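Student: Take a look at the following structure, please.
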Amino acid sequence: MAKKISILVVDDEESVRDSLSNWFVEDGYQVECAENAKKALQLIESSYFDIILADIKMPGMDGLEMLRRIKSLRNDAIVIVMTAFASVNTAVMALKDGAFDYVTKPFDPDDLSHLIRNASKQILLAQENETLKNKVISLDSVEDLIGNSEAMKKVLKQVESVAQSNTSVIITGESGTGKELIARAIHANSPRKYYPLVSVHCGALTESLLESELFGHEKGAFTGAMYNRKGRFEMADSGTIFLDEIATISPKMQIELLRVLETKTFVRVGGNKETSSDFRVICATNRDLKSMVDQGTFREDLYYRLNVVNINVPPLRERLEDIPLLVDYFIKKYCNAMNKPLIIIDEAAMQRLEEYPFPGNIRELENLIERAIVIGNGKKITLKDLPFGKDMIDNSIESLDDFEKTFIRQILNKYSWNITRTAKALKVDRVTLYNKIRKYDLKPEE
Amino acid sequence: MAQQHITLISYGYFGKQLLEQIAEAVRQEFKFPVNFKESHLDLSEFFDPGRRQYNGNKILHKLDSLAMPDSLKTIGLFSVDLFIPILTYIFGQAVLNGQTGIASLYRLSNERYGIEPDEKLLPERFTKEVIHELGHTFGLIHCMTPTCVMRSSTYVEDIDQKNRNICHLCREKLPPVIPYKIVG
């Protein structure tokens with residue numbers, strides 16, 4: 001049941017207090033009365049009132065002074081001032097000082113009902129707004145960003161510092177490392193969080209589709225354009241646009257994108273009117289944009305426009321210590337989603353996961369856990385629930401060399417690049433290991 | 001022990017037919033026997049010469065102080081213009097969860113608003129007003145259901161929009177009904 005609206009009536013005349021109190025009680029409100037401003041302020045300090053209905057002329061502190069004091073205590077308080085006909089000018093002053101409305105005594109029952117109804121609506125809207133804001137915060141919360149490793153802490157620190165600004169950000173990292181989550185985290189912690197975060201997967205769209213998707217189109221702009229349609233830049237007004245796989249966009253789109261980023265204005269496809277939008281850009285790519293610039297496949301000016309801040313999301317193999325946390329998180333997530341009791345993972349399975357290089361990164365780990373919960377016995381994830389061995393198909397490894405490179409790097413990392421211990425673990429001599437390191441251009445990570 | 005009943009006291013002249021119509025409606029709505037009484041009250045002490053109206057608060061307090069112990073609820077029926085200090089007029093008022101209420105015919109007639117008189121509408125409005133105030137004495141507050149008699153009416157036309165009955169939501173809030181026998 002909704003909370004009762006509470007009203008404080010402040011008037012030095014007892015008959016007025018009684019009349020209003022009776023009237024409001026019959027309307028189902030919670031009412032308290034105060035005979036002067038001093039007592040009213042004491043009540044306001046100790047209890048919460050949704051609406052304060054106060055007389056302007058009272059002995060001692062007058063209603064205007066009381067209004068100012070109430071506003072300094074609670075800026076959102078809804079204060080309605082009651083005034084005699086002769087003091088309407090004072091009532092206007094009260095409005096300027098933040099009163100919600102004023103009413104001239106004596107008032108029509110209907111006016112009073114309307115006034116209180118309007119004030120109640122305002123309170124309910126404010127409450128609804130607060131609830132929705134909280135919902136938005138929880139929707140955009142970044143609980144999926146799991147990690148205690150130094151590498152992840154560094155990323156989160158970057159997210160925190162960049163979120164408050166309006167600068168463009170490029171998020172780099174291998175496929176499956178959670179670049180979109182980082183973009184969400186930046187948006188959710190930015191002043192733009194109550195506005196949309198609009199995501200566009202540039203790689204999934206052809207040039208003409210991407211153009212219409214980003215800039216919108218006018219009716220009849222092309223076959224099938226039956227209606228006017230807003231583009232993603234327009235939708236992201238006051239919010240953030242996230243351009244995933246930015247490296248895949250064509251040279252023509254690169255020029256158009258650069259122009260939009262510089263002017264924040266664009267023209268819908270088939271239209272001739274310039275539209276402006278206030279958006280923040282976050283891009284992501286798993287490619288090395290700098291080398292693409294060097295090769296001439298990505299515009300240098302666009303690169304510098306986008307790359308104000310670069311956040312590199314580390315691959316999972318560089319934060320192996322986060323694996324238990326992530327496993328735990330995914331088990332909870334999928335057990336809840338599948339309505340299953342929480343299960344555990346046995347030591348051997350966990351160890352196997354910690355040794356695995358995860359070329360598909362967190363996405364791969366998530367899929368492994370989801371699969372294990374689906375096919376497992378419902379009590380414990382064991383080695384046999386994990387698709388390692390003959391079932392294991394690692395899509396990112398396409399050759400024996402790829403496999404060897406990944407495996408050697410993993411063991412080197414495991415032994416902190418101690419060549420003797422790594423060679424011993426791999427059962428090869430040190431010279432062979434050196435040769436392999438040179439062949440695959442392996443380097444210790446910073 | 002005396003049978004519990006609701007008392008309607010007329011202060012001023014009201015036609016017998018009107019009083020019977022109200023009594024029957026009250027009986028049906030609250031399932032209590034209804035007694036009539038005629039009485040006299042010197043209204044001059046409640047008259048506000050500045051407003052040329054009668055102070056409803058003071059009248060209600062007076063009636064409350066005169067309340068009859070054998071009457072479960074008492075409603076005073078008036079034909080004068082009532083006000084309370086903060087409002088320009090009222091149709092009636094009651095002590096919430098108390099014993100007494102008042103209702104006036106004064107602002108319920110069409111003529112008051114320059115409209116053709118309606119012989120059927122006036123008693124109907126007055127009946128609704130009496131049941132409404134009685135509802136308050138039984139602890140009912142204003143109801144949002146458009147047709148419920150407990151809906152707040154600030155204009156006379158509002159009264160016409162509602163029925164003379166208490167809606168099922170309000171009825172659930174009423175105290176348990178004491179069965180009665182119609183005597184005589």
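Ordered as shown in the structure tokens, chains take letters A, B, and onward, while each chain numbers its residues from 1 and ligands are numbered from 1 in the order shown.
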What are the closest atom pairs, with distances in Å to one decimal, for all residues of chain A lying within 12 Å of chain B? Consider only C-alpha atoms, order rows by chain and residue number, and present the result as JSON lines.

Tutor:
{"residue": "A:Val9", "atom": "CA", "partner": "B:Ile86", "partner_atom": "CA", "distance": 11.9}
{"residue": "A:Asp11", "atom": "CA", "partner": "B:Ile86", "partner_atom": "CA", "distance": 10.8}
{"residue": "A:Glu13", "atom": "CA", "partner": "B:Pro85", "partner_atom": "CA", "distance": 9.4}
{"residue": "A:Glu14", "atom": "CA", "partner": "B:Pro85", "partner_atom": "CA", "distance": 9.8}
{"residue": "A:Ser15", "atom": "CA", "partner": "B:Pro85", "partner_atom": "CA", "distance": 6.4}
{"residue": "A:Val16", "atom": "CA", "partner": "B:Ile86", "partner_atom": "CA", "distance": 5.6}
{"residue": "A:Arg17", "atom": "CA", "partner": "B:Ile86", "partner_atom": "CA", "distance": 8.7}
{"residue": "A:Asp18", "atom": "CA", "partner": "B:Asn57", "partner_atom": "CA", "distance": 8.5}
{"residue": "A:Ser19", "atom": "CA", "partner": "B:Ile84", "partner_atom": "CA", "distance": 6.2}
{"residue": "A:Leu20", "atom": "CA", "partner": "B:Ile86", "partner_atom": "CA", "distance": 7.1}
{"residue": "A:Ser21", "atom": "CA", "partner": "B:Ile86", "partner_atom": "CA", "distance": 10.7}
{"residue": "A:Asn22", "atom": "CA", "partner": "B:Leu96", "partner_atom": "CA", "distance": 7.8}
{"residue": "A:Trp23", "atom": "CA", "partner": "B:Gln93", "partner_atom": "CA", "distance": 8.6}
{"residue": "A:Phe24", "atom": "CA", "partner": "B:Ile141", "partner_atom": "CA", "distance": 9.3}
{"residue": "A:Val25", "atom": "CA", "partner": "B:Ile141", "partner_atom": "CA", "distance": 7.3}
{"residue": "A:Glu26", "atom": "CA", "partner": "B:Ile141", "partner_atom": "CA", "distance": 4.6}
{"residue": "A:Asp27", "atom": "CA", "partner": "B:His142", "partner_atom": "CA", "distance": 4.8}
{"residue": "A:Gly28", "atom": "CA", "partner": "B:Ile141", "partner_atom": "CA", "distance": 5.6}
{"residue": "A:Tyr29", "atom": "CA", "partner": "B:Ile141", "partner_atom": "CA", "distance": 9.2}
{"residue": "A:Gln30", "atom": "CA", "partner": "B:Ile141", "partner_atom": "CA", "distance": 11.6}
{"residue": "A:Asp55", "atom": "CA", "partner": "B:Ile86", "partner_atom": "CA", "distance": 11.0}
{"residue": "A:Met82", "atom": "CA", "partner": "B:Ile86", "partner_atom": "CA", "distance": 9.6}
{"residue": "A:Thr83", "atom": "CA", "partner": "B:Ile86", "partner_atom": "CA", "distance": 10.6}
{"residue": "A:Ala84", "atom": "CA", "partner": "B:Ile86", "partner_atom": "CA", "distance": 10.5}
{"residue": "A:Val103", "atom": "CA", "partner": "B:Ile86", "partner_atom": "CA", "distance": 10.4}
{"residue": "A:Thr104", "atom": "CA", "partner": "B:Ile86", "partner_atom": "CA", "distance": 9.4}
{"residue": "A:Lys105", "atom": "CA", "partner": "B:Ile86", "partner_atom": "CA", "distance": 6.1}
{"residue": "A:Pro106", "atom": "CA", "partner": "B:Ile86", "partner_atom": "CA", "distance": 4.6}
{"residue": "A:Phe107", "atom": "CA", "partner": "B:Leu87", "partner_atom": "CA", "distance": 4.8}
{"residue": "A:Asp108", "atom": "CA", "partner": "B:Thr88", "partner_atom": "CA", "distance": 5.2}
{"residue": "A:Pro109", "atom": "CA", "partner": "B:Thr154", "partner_atom": "CA", "distance": 5.5}
{"residue": "A:Asp110", "atom": "CA", "partner": "B:Thr154", "partner_atom": "CA", "distance": 5.0}
{"residue": "A:Asp111", "atom": "CA", "partner": "B:Thr154", "partner_atom": "CA", "distance": 8.7}
{"residue": "A:Leu112", "atom": "CA", "partner": "B:Leu87", "partner_atom": "CA", "distance": 8.4}
{"residue": "A:Ser113", "atom": "CA", "partner": "B:Thr154", "partner_atom": "CA", "distance": 7.9}
{"residue": "A:His114", "atom": "CA", "partner": "B:Thr154", "partner_atom": "CA", "distance": 10.0}

Student: With a distance cut-off of 7 Å and only C-alpha atoms, select the neighbouring residues of B:His5, excluding the residue or stretch itself and same-chain residues fewer than 3 positions from it, and output the selection as a list of chain:residue names.

Tutor: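 After dropping sequence-adjacent residues, the list is B:Phe32, B:Pro33, B:Val34, B:Asn35, B:Ser71, B:Leu72.
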
Student: With only C-alpha atoms as the counted atoms, please give the residues lying no more than 8 Å from stretch 106-123 of chain B, apart from itself and same-chain residues fewer than 5 positions off, as a PDB file with N, CA and C atoms, in the first residue's frame.

Tutor:
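Output file result-v2.pdb is given in full below:
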ATOM      1  N   LEU B  18     -39.193  14.041   2.444  1.00  0.00           N
ATOM      2  CA  LEU B  18     -37.741  14.129   2.324  1.00  0.00           C
ATOM      3  C   LEU B  18     -37.055  13.375   3.468  1.00  0.00           C
ATOM      4  N   GLN B  21     -37.379   9.674   3.049  1.00  0.00           N
ATOM      5  CA  GLN B  21     -36.482   9.165   1.986  1.00  0.00           C
ATOM      6  C   GLN B  21     -35.053   9.016   2.533  1.00  0.00           C
ATOM      7  N   ILE B  22     -34.618  10.024   3.282  1.00  0.00           N
ATOM      8  CA  ILE B  22     -33.260   9.966   3.844  1.00  0.00           C
ATOM      9  C   ILE B  22     -33.156   8.806   4.844  1.00  0.00           C
ATOM     10  N   PHE B  78     -29.641  20.762   8.490  1.00  0.00           N
ATOM     11  CA  PHE B  78     -29.798  22.216   8.489  1.00  0.00           C
ATOM     12  C   PHE B  78     -30.172  22.713   7.093  1.00  0.00           C
ATOM     13  N   SER B  79     -30.640  23.962   7.077  1.00  0.00           N
ATOM     14  CA  SER B  79     -30.928  24.558   5.763  1.00  0.00           C
ATOM     15  C   SER B  79     -30.242  25.916   5.648  1.00  0.00           C
ATOM     16  N   VAL B  80     -29.181  26.097   6.439  1.00  0.00           N
ATOM     17  CA  VAL B  80     -28.451  27.377   6.388  1.00  0.00           C
ATOM     18  C   VAL B  80     -27.093  27.171   5.723  1.00  0.00           C
ATOM     19  N   ASP B  81     -26.483  28.312   5.355  1.00  0.00           N
ATOM     20  CA  ASP B  81     -25.201  28.257   4.643  1.00  0.00           C
ATOM     21  C   ASP B  81     -24.067  28.032   5.649  1.00  0.00           C
ATOM     22  N   PHE B  91     -20.687  21.556   2.543  1.00  0.00           N
ATOM     23  CA  PHE B  91     -22.014  20.932   2.445  1.00  0.00           C
ATOM     24  C   PHE B  91     -22.367  20.270   3.783  1.00  0.00           C
ATOM     25  N   VAL B 156     -21.325  20.948  -6.233  1.00  0.00           N
ATOM     26  CA  VAL B 156     -22.598  20.248  -6.120  1.00  0.00           C
ATOM     27  C   VAL B 156     -22.753  19.197  -7.235  1.00  0.00           C
TER      28      VAL B 156
END

Student: Name all residues at most 9 Å from A:Trp417 (count only C-alpha atoms; drop same-chain ones fewer than 6 positions away) and give them as a PyMOL selection string.

Tutor: chain A and resi 409+411+444

Student: Dump C-alpha atoms for the selected residues as a PDB file, in the first residue's frame?

Tutor:
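Final output, selection.pdb:
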ATOM      1  CA  ARG A 409      53.641 -18.304 -23.259  1.00  0.00           C
ATOM      2  CA  ILE A 411      54.030 -21.827 -19.003  1.00  0.00           C
ATOM      3  CA  PRO A 444      57.391 -10.892 -20.868  1.00  0.00           C
TER       4      PRO A 444
END

Student: Tell me which protein, DNA and RNA residues are within 10 Å of A:Gln158, counting only C-alpha atoms, leaving out same-chain ones fewer than 5 positions away, and put them as a PyMOL selection string.

Tutor: chain A and resi 152-153+163+186+309-312

Student: Atoms to include: N, CA and C atoms. Write the selected residues as a short mmCIF file (atom, residue, chain, number, x, y, z; two decimals), in the first residue's frame.

Tutor:
data_model
loop_
_atom_site.label_atom_id
_atom_site.label_comp_id
_atom_site.auth_asym_id
_atom_site.auth_seq_id
_atom_site.Cartn_x
_atom_site.Cartn_y
_atom_site.Cartn_z
N MET A 152 43.44 -5.89 -13.50
CA MET A 152 42.04 -5.46 -13.52
C MET A 152 41.84 -4.22 -12.66
N LYS A 153 42.57 -4.17 -11.55
CA LYS A 153 42.46 -2.98 -10.68
C LYS A 153 42.88 -1.74 -11.45
N ALA A 163 35.57 8.33 -16.32
CA ALA A 163 34.11 8.37 -16.38
C ALA A 163 33.56 9.79 -16.22
N ILE A 186 31.92 2.84 -17.77
CA ILE A 186 32.26 4.26 -17.92
C ILE A 186 30.97 5.08 -17.96
N VAL A 309 41.79 8.79 -24.68
CA VAL A 309 42.19 7.91 -23.58
C VAL A 309 42.09 6.48 -24.10
N ASN A 310 43.10 5.70 -23.80
CA ASN A 310 43.07 4.30 -24.23
C ASN A 310 43.04 3.39 -22.99
N ILE A 311 42.05 2.53 -22.97
CA ILE A 311 42.00 1.55 -21.87
C ILE A 311 42.21 0.19 -22.49
N ASN A 312 43.25 -0.48 -22.05
CA ASN A 312 43.53 -1.81 -22.59
C ASN A 312 43.05 -2.86 -21.60
#
